[in-house]
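Asks: This is start28.tsv, which holds TSV, C-alpha atoms and all ligand atoms:
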```
chain	number	residue	atom	x	y	z
A	1398	MET	CA	-200.22	0.29	-61.31
A	1399	LEU	CA	-203.21	1.09	-59.12
A	1400	ASN	CA	-205.02	-1.78	-60.84
A	1401	ASN	CA	-202.85	-4.18	-58.91
A	1402	LEU	CA	-203.96	-2.67	-55.63
A	1403	SER	CA	-207.56	-3.85	-55.64
A	1404	ARG	CA	-209.18	-4.35	-52.29
A	1405	PRO	CA	-210.86	-7.63	-51.43
A	1406	ALA	CA	-214.15	-5.70	-51.51
A	1407	TRP	CA	-215.98	-4.48	-54.57
A	1408	MET	CA	-219.19	-3.54	-56.33
A	1409	GLU	CA	-220.35	-5.71	-59.22
A	1410	LEU	CA	-222.55	-4.15	-61.85
A	1411	ASN	CA	-224.49	-6.30	-64.25
A	1412	LEU	CA	-224.85	-4.18	-67.36
A	1413	SER	CA	-227.07	-6.74	-69.14
A	1414	ASN	CA	-229.55	-6.30	-66.32
A	1415	LEU	CA	-229.33	-2.54	-66.77
A	1416	ALA	CA	-230.06	-2.96	-70.48
A	1417	HIS	CA	-232.93	-5.30	-69.62
A	1418	ASN	CA	-234.45	-2.71	-67.26
A	1419	PHE	CA	-234.16	-0.01	-69.91
A	1420	ARG	CA	-235.91	-2.27	-72.44
A	1421	GLU	CA	-238.68	-2.90	-69.93
A	1422	VAL	CA	-239.24	0.85	-69.62
A	1423	ARG	CA	-239.14	1.17	-73.41
A	1424	ARG	CA	-241.66	-1.66	-73.76
A	1425	ILE	CA	-244.01	0.07	-71.34
A	1426	VAL	CA	-243.84	3.66	-72.54
A	1427	GLY	CA	-243.46	3.06	-76.28
A	1428	ASP	CA	-241.56	5.43	-78.50
A	1429	ARG	CA	-241.87	8.61	-76.47
A	1430	ALA	CA	-238.61	10.11	-75.25
A	1431	ILE	CA	-236.89	8.35	-72.36
A	1432	ILE	CA	-234.68	10.72	-70.39
A	1433	CYS	CA	-232.66	8.40	-68.15
A	1434	SER	CA	-231.74	9.71	-64.73
A	1435	VAL	CA	-228.00	9.12	-64.25
A	1436	LYS	CA	-227.49	11.76	-61.57
A	1437	ALA	CA	-225.39	10.97	-58.50
A	1438	ASP	CA	-223.00	8.88	-60.59
A	1439	ALA	CA	-225.95	6.88	-61.91
A	1440	TYR	CA	-227.28	6.22	-58.41
A	1441	GLY	CA	-223.83	4.93	-57.42
A	1442	HIS	CA	-223.44	2.63	-60.45
A	1443	GLY	CA	-220.90	4.72	-62.39
A	1444	ALA	CA	-222.41	7.30	-64.73
A	1445	ALA	CA	-220.03	7.00	-67.68
A	1446	GLU	CA	-220.39	3.22	-68.06
A	1447	VAL	CA	-224.11	3.22	-67.36
A	1448	SER	CA	-224.68	6.04	-69.84
A	1449	LYS	CA	-222.81	4.20	-72.61
A	1450	VAL	CA	-225.14	1.24	-72.19
A	1451	LEU	CA	-228.23	3.46	-72.18
A	1452	GLU	CA	-226.99	5.33	-75.24
A	1453	ASN	CA	-226.54	2.02	-77.09
A	1454	GLU	CA	-229.97	0.86	-75.99
A	1455	GLY	CA	-231.63	3.90	-77.51
A	1456	ALA	CA	-232.12	6.30	-74.62
A	1457	ASP	CA	-233.19	9.71	-75.90
A	1458	ALA	CA	-231.43	11.81	-73.28
A	1459	LEU	CA	-229.74	11.64	-69.90
A	1460	GLY	CA	-230.49	13.55	-66.73
A	1461	VAL	CA	-227.87	14.78	-64.27
A	1462	ALA	CA	-227.98	17.00	-61.21
A	1463	THR	CA	-224.84	19.11	-61.59
A	1464	VAL	CA	-222.61	20.64	-64.21
A	1465	ARG	CA	-219.76	18.40	-63.09
A	1466	GLU	CA	-221.88	15.31	-63.70
A	1467	ALA	CA	-222.58	16.55	-67.23
A	1468	ALA	CA	-218.87	17.25	-67.78
A	1469	ILE	CA	-217.96	13.71	-66.74
A	1470	LEU	CA	-220.37	12.28	-69.30
A	1471	ARG	CA	-219.08	14.50	-72.09
A	1472	GLU	CA	-215.50	13.63	-71.20
A	1473	GLY	CA	-216.56	9.97	-71.33
A	1474	GLY	CA	-217.67	10.49	-74.94
A	1475	ILE	CA	-221.42	10.58	-74.38
A	1476	LYS	CA	-223.21	12.31	-77.25
A	1477	LEU	CA	-226.84	12.17	-76.07
A	1478	PRO	CA	-228.60	15.33	-74.96
A	1479	ILE	CA	-227.97	15.93	-71.26
A	1480	VAL	CA	-230.62	17.64	-69.17
A	1481	CYS	CA	-229.56	19.11	-65.85
A	1482	PHE	CA	-232.50	18.36	-63.53
A	1483	SER	CA	-231.31	20.70	-60.76
A	1484	LEU	CA	-230.87	24.42	-61.22
A	1485	ILE	CA	-227.51	25.59	-62.48
A	1486	PRO	CA	-226.31	28.68	-60.61
A	1487	ASP	CA	-226.02	31.67	-62.95
A	1488	ASN	CA	-222.25	31.87	-62.40
A	1489	LEU	CA	-221.86	28.40	-63.91
A	1490	MET	CA	-224.15	28.97	-66.91
A	1491	GLU	CA	-221.19	29.19	-69.24
A	1492	TYR	CA	-220.74	25.46	-68.91
A	1493	VAL	CA	-224.13	24.94	-70.50
A	1494	PHE	CA	-222.35	25.94	-73.71
A	1495	GLU	CA	-219.12	24.10	-73.03
A	1496	TYR	CA	-220.80	20.79	-72.24
A	1497	ASP	CA	-223.91	21.20	-74.33
A	1498	ILE	CA	-226.35	20.92	-71.43
A	1499	VAL	CA	-230.11	21.47	-71.58
A	1500	PRO	CA	-230.66	23.51	-68.42
A	1501	VAL	CA	-233.85	23.43	-66.42
A	1502	ILE	CA	-234.64	26.99	-65.45
A	1503	SER	CA	-236.78	28.50	-62.79
A	1504	SER	CA	-236.26	32.24	-63.27
A	1505	VAL	CA	-236.16	34.89	-65.95
A	1506	GLU	CA	-232.74	35.95	-64.64
A	1507	SER	CA	-231.22	32.58	-65.47
A	1508	ALA	CA	-232.64	32.67	-68.98
A	1509	LYS	CA	-231.23	36.17	-69.42
A	1510	ALA	CA	-227.85	35.03	-68.13
A	1511	ILE	CA	-227.82	32.32	-70.80
A	1512	ASN	CA	-228.90	34.79	-73.45
A	1513	ASP	CA	-226.12	37.22	-72.48
A	1514	ILE	CA	-223.41	34.57	-72.46
A	1515	SER	CA	-224.59	33.43	-75.86
A	1516	LYS	CA	-224.36	36.99	-77.23
A	1517	ASN	CA	-221.04	37.82	-75.61
A	1518	LYS	CA	-219.08	34.63	-76.00
A	1519	TYR	CA	-220.78	32.07	-78.19
A	1520	ASN	CA	-221.80	33.88	-81.40
A	1521	ASP	CA	-225.48	33.88	-80.56
A	1522	ARG	CA	-225.64	30.13	-80.22
A	1523	VAL	CA	-229.24	29.20	-79.35
A	1524	VAL	CA	-229.66	27.16	-76.17
A	1525	SER	CA	-232.68	24.95	-75.59
A	1526	VAL	CA	-234.05	25.13	-72.06
A	1527	MET	CA	-236.77	23.38	-70.11
A	1528	ALA	CA	-238.86	25.62	-67.87
A	1529	ALA	CA	-239.59	24.05	-64.51
A	1530	ILE	CA	-243.19	24.37	-63.37
A	1531	ASP	CA	-243.91	23.73	-59.72
A	1532	THR	CA	-247.18	21.82	-59.84
A	1533	GLY	CA	-246.96	20.59	-56.25
A	1534	MET	CA	-243.49	19.38	-55.37
A	1535	GLY	CA	-242.57	22.71	-53.76
A	1536	ARG	CA	-238.99	22.40	-54.93
A	1537	ILE	CA	-238.03	24.31	-58.06
A	1538	GLY	CA	-240.07	25.94	-60.80
A	1539	PHE	CA	-242.51	28.68	-61.60
A	1540	LEU	CA	-245.83	28.47	-59.79
A	1541	PRO	CA	-248.43	28.13	-62.55
A	1542	GLY	CA	-250.36	31.39	-62.93
A	1543	ASP	CA	-250.35	34.79	-64.58
A	1544	GLU	CA	-246.93	35.74	-63.33
A	1545	ALA	CA	-245.43	32.56	-64.73
A	1546	VAL	CA	-247.06	33.20	-68.09
A	1547	ASP	CA	-245.47	36.67	-68.17
A	1548	SER	CA	-242.10	35.28	-67.16
A	1549	LEU	CA	-242.22	32.60	-69.82
A	1550	LYS	CA	-243.23	35.20	-72.38
A	1551	THR	CA	-240.06	37.12	-71.56
A	1552	ILE	CA	-238.01	33.95	-71.85
A	1553	TYR	CA	-239.78	32.92	-75.04
A	1554	ASN	CA	-238.81	36.21	-76.64
A	1555	LEU	CA	-235.11	36.00	-75.81
A	1556	SER	CA	-233.37	35.56	-79.14
A	1557	ASN	CA	-230.79	32.99	-78.04
A	1558	VAL	CA	-232.92	30.93	-75.68
A	1559	ARG	CA	-235.33	28.39	-77.09
A	1560	LEU	CA	-238.11	27.31	-74.75
A	1561	LYS	CA	-238.01	23.66	-75.71
A	1562	GLY	CA	-240.23	22.26	-73.07
A	1563	LEU	CA	-241.98	22.25	-69.74
A	1564	PHE	CA	-240.73	20.20	-66.87
A	1565	SER	CA	-242.43	19.28	-63.63
A	1566	HIS	CA	-241.96	16.65	-60.96
A	1567	PHE	CA	-244.35	14.43	-59.02
A	1568	ALA	CA	-244.21	14.36	-55.24
A	1569	CYS	CA	-246.29	11.22	-54.71
A	1570	SER	CA	-246.34	9.16	-57.91
A	1571	ASP	CA	-245.21	6.11	-55.93
A	1572	ASP	CA	-248.34	6.29	-53.81
A	1573	VAL	CA	-251.23	3.96	-54.70
A	1574	ASN	CA	-253.54	6.90	-54.14
A	1575	LYS	CA	-253.17	8.96	-57.31
A	1576	GLU	CA	-255.30	11.91	-56.24
A	1577	TYR	CA	-252.45	14.38	-55.65
A	1578	SER	CA	-250.52	13.24	-58.72
A	1579	LEU	CA	-253.57	13.72	-60.91
A	1580	GLU	CA	-253.98	17.21	-59.48
A	1581	GLN	CA	-250.36	17.95	-60.36
A	1582	LEU	CA	-250.80	16.54	-63.85
A	1583	ASP	CA	-253.93	18.59	-64.38
A	1584	LYS	CA	-252.14	21.79	-63.35
A	1585	PHE	CA	-249.29	20.93	-65.69
A	1586	ASN	CA	-251.52	20.24	-68.68
A	1587	LYS	CA	-253.67	23.32	-68.08
A	1588	PHE	CA	-250.61	25.52	-67.81
A	1589	ALA	CA	-249.19	24.09	-71.04
A	1590	ASP	CA	-252.53	24.73	-72.78
A	1591	ARG	CA	-252.56	28.27	-71.50
A	1592	LEU	CA	-249.07	28.90	-72.88
A	1593	GLU	CA	-250.13	27.51	-76.20
A	1594	SER	CA	-253.20	29.71	-76.28
A	1595	GLU	CA	-250.90	32.67	-75.70
A	1596	GLY	CA	-248.83	31.68	-78.70
A	1597	MET	CA	-246.01	29.85	-76.92
A	1598	ALA	CA	-246.01	26.32	-78.20
A	1599	VAL	CA	-243.59	24.00	-76.44
A	1600	SER	CA	-242.55	20.79	-78.11
A	1601	SER	CA	-241.88	18.72	-75.02
A	1602	LYS	CA	-243.85	18.28	-71.80
A	1603	VAL	CA	-242.25	15.92	-69.31
A	1604	ILE	CA	-243.30	15.11	-65.76
A	1605	ALA	CA	-243.15	11.33	-65.24
A	1606	ASN	CA	-240.55	9.82	-62.89
A	1607	SER	CA	-240.31	6.06	-62.24
A	1608	GLY	CA	-243.52	5.97	-60.22
A	1609	ALA	CA	-245.47	7.52	-63.07
A	1610	CYS	CA	-243.73	5.30	-65.67
A	1611	VAL	CA	-245.21	2.21	-64.05
A	1612	ALA	CA	-248.45	3.57	-62.65
A	1613	MET	CA	-249.66	6.62	-64.59
A	1614	PRO	CA	-249.80	6.21	-68.37
A	1615	GLU	CA	-251.72	9.47	-68.62
A	1616	ALA	CA	-248.60	11.25	-67.38
A	1617	TRP	CA	-246.20	9.97	-70.05
A	1618	LEU	CA	-246.94	12.94	-72.33
A	1619	ASP	CA	-243.94	13.67	-74.60
A	1620	GLY	CA	-241.38	11.84	-72.51
A	1621	VAL	CA	-240.55	10.19	-69.21
A	1622	ARG	CA	-237.67	10.49	-66.75
A	1623	PRO	CA	-237.11	7.11	-65.11
A	1624	GLY	CA	-234.30	6.60	-62.64
A	1625	ILE	CA	-234.63	3.90	-60.02
A	1626	LEU	CA	-236.38	1.47	-62.42
A	1627	LEU	CA	-233.23	1.35	-64.55
A	1628	TYR	CA	-231.26	0.14	-61.57
A	1629	GLY	CA	-233.76	-2.62	-60.87
A	1630	TYR	CA	-235.98	-1.26	-58.12
A	1631	LEU	CA	-239.50	0.09	-57.84
A	1632	PRO	CA	-239.76	3.62	-56.43
A	1633	SER	CA	-241.78	2.35	-53.50
A	1634	ASN	CA	-241.88	-0.89	-51.61
A	1635	ASP	CA	-245.22	-0.24	-50.12
A	1636	SER	CA	-246.85	-3.63	-50.61
A	1637	GLU	CA	-249.99	-2.19	-52.15
A	1638	PHE	CA	-247.97	-0.23	-54.71
A	1639	GLU	CA	-245.88	-3.31	-55.47
A	1640	ARG	CA	-248.98	-5.40	-56.02
A	1641	ALA	CA	-250.47	-2.79	-58.32
A	1642	VAL	CA	-247.45	-2.62	-60.62
A	1643	ASN	CA	-245.63	-5.95	-60.28
A	1644	ASP	CA	-247.19	-7.57	-63.34
A	1645	LYS	CA	-246.42	-4.50	-65.47
A	1646	ILE	CA	-242.65	-4.60	-65.28
A	1647	LYS	CA	-239.98	-7.21	-64.59
A	1648	LEU	CA	-236.87	-5.63	-63.10
A	1649	LYS	CA	-233.43	-7.08	-62.46
A	1650	GLN	CA	-230.98	-5.76	-59.89
A	1651	VAL	CA	-227.84	-4.28	-61.35
A	1652	MET	CA	-225.64	-3.71	-58.29
A	1653	SER	CA	-224.15	-6.33	-55.96
A	1654	ILE	CA	-221.68	-5.73	-53.13
A	1655	LYS	CA	-219.12	-8.41	-52.37
A	1656	ALA	CA	-216.00	-8.88	-50.28
A	1657	LYS	CA	-213.59	-11.54	-49.13
A	1658	ILE	CA	-213.24	-12.45	-45.50
A	1659	ALA	CA	-210.15	-10.76	-44.10
A	1660	HIS	CA	-209.84	-12.56	-40.79
A	1661	VAL	CA	-211.57	-15.33	-38.90
A	1662	LYS	CA	-211.13	-16.75	-35.41
A	1663	LYS	CA	-212.75	-18.85	-32.73
A	1664	VAL	CA	-213.45	-16.83	-29.58
A	1665	PRO	CA	-214.65	-17.89	-26.12
A	1666	LYS	CA	-218.05	-17.13	-24.60
A	1667	GLY	CA	-218.17	-13.55	-23.27
A	1668	THR	CA	-216.00	-12.01	-26.00
A	1669	LYS	CA	-216.87	-8.40	-26.78
A	1670	ILE	CA	-217.08	-7.43	-30.44
A	1671	SER	CA	-216.34	-3.98	-31.96
A	1672	TYR	CA	-216.70	-0.39	-30.71
A	1673	GLY	CA	-218.81	0.09	-27.64
A	1674	SER	CA	-218.82	-3.68	-27.00
A	1675	THR	CA	-222.46	-3.77	-28.04
A	1676	PHE	CA	-222.23	-7.47	-28.87
A	1677	VAL	CA	-220.95	-10.12	-26.48
A	1678	THR	CA	-220.73	-13.77	-27.54
A	1679	ASP	CA	-223.09	-15.96	-25.51
A	1680	LYS	CA	-221.12	-19.11	-26.35
A	1681	GLU	CA	-217.89	-20.10	-28.01
A	1682	SER	CA	-218.23	-18.53	-31.43
A	1683	VAL	CA	-216.50	-18.10	-34.75
A	1684	ILE	CA	-216.29	-14.46	-35.79
A	1685	ALA	CA	-215.25	-13.35	-39.27
A	1686	THR	CA	-214.11	-9.85	-40.25
A	1687	VAL	CA	-215.38	-8.33	-43.49
A	1688	PRO	CA	-213.22	-5.53	-44.96
A	1689	VAL	CA	-216.07	-3.11	-45.73
A	1690	GLY	CA	-217.41	-0.33	-43.54
A	1691	TYR	CA	-219.66	2.67	-43.41
A	1692	ALA	CA	-217.22	4.67	-45.51
A	1693	ASP	CA	-218.13	2.24	-48.30
A	1694	GLY	CA	-221.83	2.75	-47.79
A	1695	TYR	CA	-222.40	-0.22	-45.49
A	1696	LEU	CA	-224.27	1.88	-42.99
A	1697	ARG	CA	-223.44	2.07	-39.32
A	1698	CYS	CA	-227.08	1.39	-38.55
A	1699	PHE	CA	-226.52	-2.16	-39.82
A	1700	SER	CA	-224.66	-2.73	-36.54
A	1701	ASN	CA	-226.21	-5.87	-34.99
A	1702	ASN	CA	-228.92	-5.37	-37.61
A	1703	ALA	CA	-228.17	-6.99	-40.97
A	1704	GLU	CA	-227.16	-10.24	-42.61
A	1705	VAL	CA	-224.70	-11.26	-45.28
A	1706	ILE	CA	-224.44	-14.43	-47.36
A	1707	ILE	CA	-221.37	-16.66	-46.88
A	1708	ASN	CA	-221.02	-20.11	-48.47
A	1709	HIS	CA	-224.73	-20.12	-49.27
A	1710	LYS	CA	-225.78	-19.36	-45.69
A	1711	LYS	CA	-226.87	-16.22	-43.92
A	1712	ALA	CA	-224.60	-14.76	-41.24
A	1713	ARG	CA	-225.54	-11.97	-38.85
A	1714	VAL	CA	-223.62	-8.72	-38.46
A	1715	VAL	CA	-222.40	-8.58	-34.86
A	1716	GLY	CA	-221.24	-5.45	-33.07
A	1717	ARG	CA	-220.91	-2.03	-34.59
A	1718	VAL	CA	-220.03	-1.48	-38.22
A	1719	CYS	CA	-216.70	0.40	-38.30
A	1720	MET	CA	-215.48	2.80	-40.98
A	1721	ASP	CA	-213.72	0.09	-42.97
A	1722	GLN	CA	-214.61	-3.27	-41.40
A	1723	PHE	CA	-217.36	-5.16	-39.64
A	1724	MET	CA	-217.77	-8.56	-38.03
A	1725	VAL	CA	-220.17	-11.42	-38.69
A	1726	ASP	CA	-221.00	-14.49	-36.65
A	1727	VAL	CA	-220.13	-17.57	-38.71
A	1728	THR	CA	-220.35	-20.10	-35.89
A	1729	ASP	CA	-223.05	-22.04	-37.73
A	1730	ILE	CA	-221.32	-22.06	-41.10
A	1731	ASP	CA	-218.78	-24.83	-41.67
A	1732	ASP	CA	-215.15	-24.17	-42.52
A	1733	VAL	CA	-215.25	-20.43	-43.09
A	1734	LYS	CA	-211.77	-19.21	-44.00
A	1735	ILE	CA	-209.91	-16.09	-45.03
A	1736	GLY	CA	-210.70	-15.27	-48.63
A	1737	ASP	CA	-214.20	-16.78	-48.64
A	1738	MET	CA	-216.68	-14.65	-50.51
A	1739	VAL	CA	-219.18	-12.55	-48.58
A	1740	ILE	CA	-222.23	-11.16	-50.35
A	1741	LEU	CA	-223.38	-7.97	-48.61
A	1742	MET	CA	-225.98	-7.24	-51.25
A	1743	GLY	CA	-226.83	-9.53	-54.12
A	1744	SER	CA	-227.85	-13.09	-54.90
A	1745	ASP	CA	-226.46	-16.55	-54.38
A	1746	GLY	CA	-228.77	-19.00	-56.06
A	1747	ASP	CA	-232.18	-18.55	-54.48
A	1748	MET	CA	-230.81	-16.43	-51.62
A	1749	ASN	CA	-230.94	-12.71	-52.08
A	1750	ILE	CA	-230.23	-9.57	-50.11
A	1751	ASP	CA	-231.40	-6.51	-51.98
A	1752	ALA	CA	-231.34	-2.77	-51.41
A	1753	VAL	CA	-234.94	-2.91	-50.27
A	1754	GLU	CA	-234.09	-5.24	-47.39
A	1755	LEU	CA	-231.14	-3.08	-46.40
A	1756	ALA	CA	-233.25	0.06	-46.70
A	1757	GLU	CA	-235.90	-1.39	-44.42
A	1758	ARG	CA	-233.27	-2.21	-41.82
A	1759	ALA	CA	-231.91	1.32	-42.09
A	1760	GLY	CA	-235.27	3.08	-42.13
A	1761	THR	CA	-234.61	4.56	-45.56
A	1762	ILE	CA	-235.28	3.87	-49.25
A	1763	SER	CA	-233.42	1.72	-51.78
A	1764	TYR	CA	-232.21	4.89	-53.54
A	1765	GLU	CA	-230.13	5.96	-50.56
A	1766	ILE	CA	-228.63	2.50	-50.11
A	1767	ILE	CA	-227.42	2.16	-53.72
A	1768	CYS	CA	-226.18	5.75	-53.93
A	1769	GLY	CA	-224.26	5.24	-50.70
A	1770	PHE	CA	-222.31	2.25	-52.02
A	1771	GLY	CA	-220.93	4.42	-54.82
A	1772	ASN	CA	-218.31	6.22	-52.77
A	1773	ARG	CA	-215.24	4.06	-52.37
A	1774	LEU	CA	-215.75	0.52	-53.60
A	1775	GLU	CA	-214.15	-0.43	-56.88
A	1776	LYS	CA	-216.71	-1.00	-59.62
A	1777	ILE	CA	-216.50	-4.17	-61.68
A	1778	TYR	CA	-218.72	-4.30	-64.75
A	1779	THR	CA	-219.95	-7.67	-65.94
B	1	LIG	C1	-234.17	12.01	-59.85
B	1	LIG	C2	-235.18	12.54	-60.74
B	1	LIG	C3	-235.94	11.69	-61.56
B	1	LIG	C4	-235.88	10.18	-61.47
B	1	LIG	O1	-236.52	9.78	-60.29
B	1	LIG	P1	-236.82	8.23	-60.01
B	1	LIG	O2	-237.70	8.25	-58.84
B	1	LIG	O3	-235.50	7.60	-59.75
B	1	LIG	O4	-237.45	7.72	-61.24
B	1	LIG	C5	-236.80	12.27	-62.47
B	1	LIG	N1	-236.93	13.60	-62.55
B	1	LIG	C6	-236.23	14.44	-61.77
B	1	LIG	C7	-236.44	15.90	-61.90
B	1	LIG	C8	-235.35	13.95	-60.84
B	1	LIG	O5	-234.69	14.79	-60.05
```
Turn this file's structure into structure tokens for me.
Ligand SMILES: *Cc1c(COP(=O)(O)O)cnc(C)c1O
Replies:
Amino acid sequence: MLNNLSRPAWMELNLSNLAHNFREVRRIVGDRAIICSVKADAYGHGAAEVSKVLENEGADALGVATVREAAILREGGIKLPIVCFSLIPDNLMEYVFEYDIVPVISSVESAKAINDISKNKYNDRVVSVMAAIDTGMGRIGFLPGDEAVDSLKTIYNLSNVRLKGLFSHFACSDDVNKEYSLEQLDKFNKFADRLESEGMAVSSKVIANSGACVAMPEAWLDGVRPGILLYGYLPSNDSEFERAVNDKIKLKQVMSIKAKIAHVKKVPKGTKISYGSTFVTDKESVIATVPVGYADGYLRCFSNNAEVIINHKKARVVGRVCMDQFMVDVTDIDDVKIGDMVILMGSDGDMNIDAVELAERAGTISYEIICGFGNRLEKIYT
């Protein structure tokens, strides 16, 4: 029944482009494991659908940020290993068993909690874990050193916990200057060697995010964890970084945002538009109302500060973006009527508005733009 209640505003997701982007990553990194980041509902794209495509394309594992995200994938029938990139609080560790999650751990206590749950409730089922090593991100993980070696020894010797791998994360892999990333990589490799020399061999060392997938082959190790590349964007739009990697990978955008004009009218010179009357027409104008707002991820900072595509022309956002609607000036576009298609993000022939353009207008990164559109708009997969 709800299917008949679609809004004239939606997100389109091109799953062939997603598959293309995955194949590009596969082409670059070869047959090492690709752990696809599908956290935050696959960066707003819909994790269950995205994960099915990635599973079919030969992804080796998926990465989520929360237990609930893992549960959604399992309930959607996903069979691939699921790594939880963020720490799972000890009181939720039971779900590691229920949803077959590979937890990333950052303390001996968490490993012991898993070991205890395994003993008490799961017939000594052995759980594989990745130990996070903080090589310079300052976020989660053991600081490499003697204490960490001791901690990992304790974890290594727990009967129901298998130390499957080491996990670290780059802070600056999308920077053209690789100095800090190489320092991080060196710390990571040295720490892994040290563990090995102390008799703790780990089968999987993984540190590379999207930035390192395209720019640091030496960091691919046993696997990579791309995210943003899969959705069609580079991790940085710094022009130097773009130039350095552009010929290495050809990405296609997956997400477009579209709507149909809800209202249109001719207004006299001096008409005030939207909250705060921040826009006033300087001549007789035609103003169209688009039924999308900041609650859909079309940010309020696009007020008087973005463009959309209508009938193959660009139209400016005028006045403040409201929660559910905003206005555009269509005075210079012929015959705009209710129901005409508006492209808020996406392509129309050679015209394109992408998440990078919107991010620049908003003073943020493409990641935040695409995640933000995931909240309320209906997703249509093509
Ligand atoms: C989000 C995340 C990734 C993917 O990052 P991208 O920049 O999108 O490639 C990889 N690893 C970890 C730990 C993450 O949290």
Asks: Neighbouring residues of ligand LIG 1 (chain B) are defined here as those with any atom at most 6 Å from a ligand atom, counting only C-alpha atoms and all ligand atoms; list them as a PyMOL selection string.
Replies: chain A and resi 1434+1482+1566+1606-1607+1622-1625+1632
Asks: From the list A:Glu1637, A:Asp1726, A:Asp1428, A:Asp1737, which residue is nearest A:Asn1708 when using all atoms listed in the file?
Replies: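 Ranking A:Glu1637, A:Asp1726, A:Asp1428, A:Asp1737 by distance to A:Asn1708, first place goes to A:Asp1737.
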Asks: Could you produce a table of the residues of stretch 1675-1779 of chain A lying within 9 Å of stretch 1438-1458 of chain A, with the nearest pair of atoms per residue and their separation in Å rounded to one decimal, using only C-alpha atoms, ordered by chain and increasing residue number, as JSON lines?
Replies:
```
{"residue": "A:Tyr1764", "atom": "CA", "partner": "A:Tyr1440", "partner_atom": "CA", "distance": 7.1}
{"residue": "A:Glu1765", "atom": "CA", "partner": "A:Tyr1440", "partner_atom": "CA", "distance": 8.4}
{"residue": "A:Ile1767", "atom": "CA", "partner": "A:Gly1441", "partner_atom": "CA", "distance": 5.9}
{"residue": "A:Cys1768", "atom": "CA", "partner": "A:Gly1441", "partner_atom": "CA", "distance": 4.3}
{"residue": "A:Gly1769", "atom": "CA", "partner": "A:Gly1441", "partner_atom": "CA", "distance": 6.7}
{"residue": "A:Phe1770", "atom": "CA", "partner": "A:Gly1441", "partner_atom": "CA", "distance": 6.2}
{"residue": "A:Gly1771", "atom": "CA", "partner": "A:Gly1441", "partner_atom": "CA", "distance": 3.9}
{"residue": "A:Asn1772", "atom": "CA", "partner": "A:Gly1441", "partner_atom": "CA", "distance": 7.3}
{"residue": "A:Lys1776", "atom": "CA", "partner": "A:Gly1443", "partner_atom": "CA", "distance": 7.6}
{"residue": "A:Tyr1778", "atom": "CA", "partner": "A:Glu1446", "partner_atom": "CA", "distance": 8.4}
```
Asks: Quote the spacing between atom CA of A:Val1505 and atom CA of A:Ile1604 in Å to one decimal place.
Replies: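 Separation of atom CA of A:Val1505 and atom CA of A:Ile1604: 21.0 Å.
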Asks: Pick out the residues sitting within 12 Å of A:Gly1760, and hand them over as a ChimeraX atom specification; count all atoms listed in the file, and ignore anything fewer than 6 positions along from it in its own chain.
Replies: /A:1696,1698-1699,1702,1752-1754,1766
Asks: Would you mind reading off the distance between atom CA of A:Val1573 and atom CA of A:Gly1743, one decimal, in Å?
Replies: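 Between atom CA of A:Val1573 and atom CA of A:Gly1743 the gap is 27.9 Å.
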Asks: Could you pull the residues within 8 Å of stretch 1608-1617 of chain A, counting all atoms listed in the file, minus those fewer than 2 positions along the same chain, as a PyMOL selection string?
Replies: chain A and resi 1422+1425-1426+1429+1570-1571+1582+1603-1606+1619-1621+1623+1631-1633+1641-1642+1645-1646
Asks: One decimal, in Å: what's the spacing between atom CA of A:Asn1411 and atom CA of A:Met1652?
Replies: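 Distance between the two atoms: 6.6 Å.
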Asks: Could the residues of stretch 1436-1492 of chain A that have an atom at most 10 Å from stretch 1525-1536 of chain A be listed as a Markdown table, each with its closest atom pair and the distance in Å to one decimal, counting only C-alpha atoms and ordered by chain and ascending residue number?
Replies:
```
| residue | atom | partner | partner_atom | distance |
| --- | --- | --- | --- | --- |
| A:Val1480 | CA | A:Met1527 | CA | 8.5 |
| A:Cys1481 | CA | A:Met1527 | CA | 9.4 |
| A:Phe1482 | CA | A:Ala1529 | CA | 9.1 |
| A:Ser1483 | CA | A:Ala1529 | CA | 9.7 |
| A:Leu1484 | CA | A:Ala1529 | CA | 9.3 |
```
Asks: To test the calculation: enclose all listed atoms of stretch 1502-1515 of chain A in a box whose edges run along x, y and z, add 8 Å on each side, then state centre and edge lengths in Å to one decimal, as JSON.
Replies:
```
{"center_x": -230.1, "center_y": 32.1, "center_z": -69.3, "size_x": 29.4, "size_y": 26.2, "size_z": 29.1}
```
Asks: Quick one: of A:Asn1414, A:Asn1517, A:Ser1565, A:Ser1600, who's nearest to A:Ile1537, counting only C-alpha atoms?
Replies: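 Of A:Asn1414, A:Asn1517, A:Ser1565, A:Ser1600, the one nearest A:Ile1537, counting only C-alpha atoms, is A:Ser1565.
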Asks: Identify, on the basis of only C-alpha atoms, every residue whose closest approach to A:Val1499 does not exceed 12 Å; exclude the query and any residue fewer than 5 positions from it along the same chain; express the result as a PyMOL selection string.
Replies: chain A and resi 1432+1458-1464+1467+1477-1485+1490+1492-1494+1508+1511+1523-1528+1558-1562+1564
Asks: May I ask which of the residues A:Val1705, A:Ser1503, A:Pro1486, A:Thr1678 is the closest one to A:Asn1749, counting only C-alpha atoms?
Replies: A:Val1705
Asks: Here is a test: counting all atoms listed in the file, which residue of A:Arg1697, A:Lys1587, A:Ala1656, A:Asp1747 is nearest to A:Lys1710?
Replies: A:Asp1747
Asks: Please work out which residues fall within 10 Å of (-224.5, -10.4, -31.3), coordinates as given in the file, with only C-alpha atoms counting, and return them as a list in words.
Replies: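 Here is the list of nearby residues: Lys1669, Ile1670, Ser1674, Thr1675, Phe1676, Val1677, Thr1678, Asp1679, Ser1700, Asn1701, Asn1702, Arg1713, Val1714, Val1715, Gly1716, Arg1717, Met1724, Val1725 and Asp1726 of chain A.
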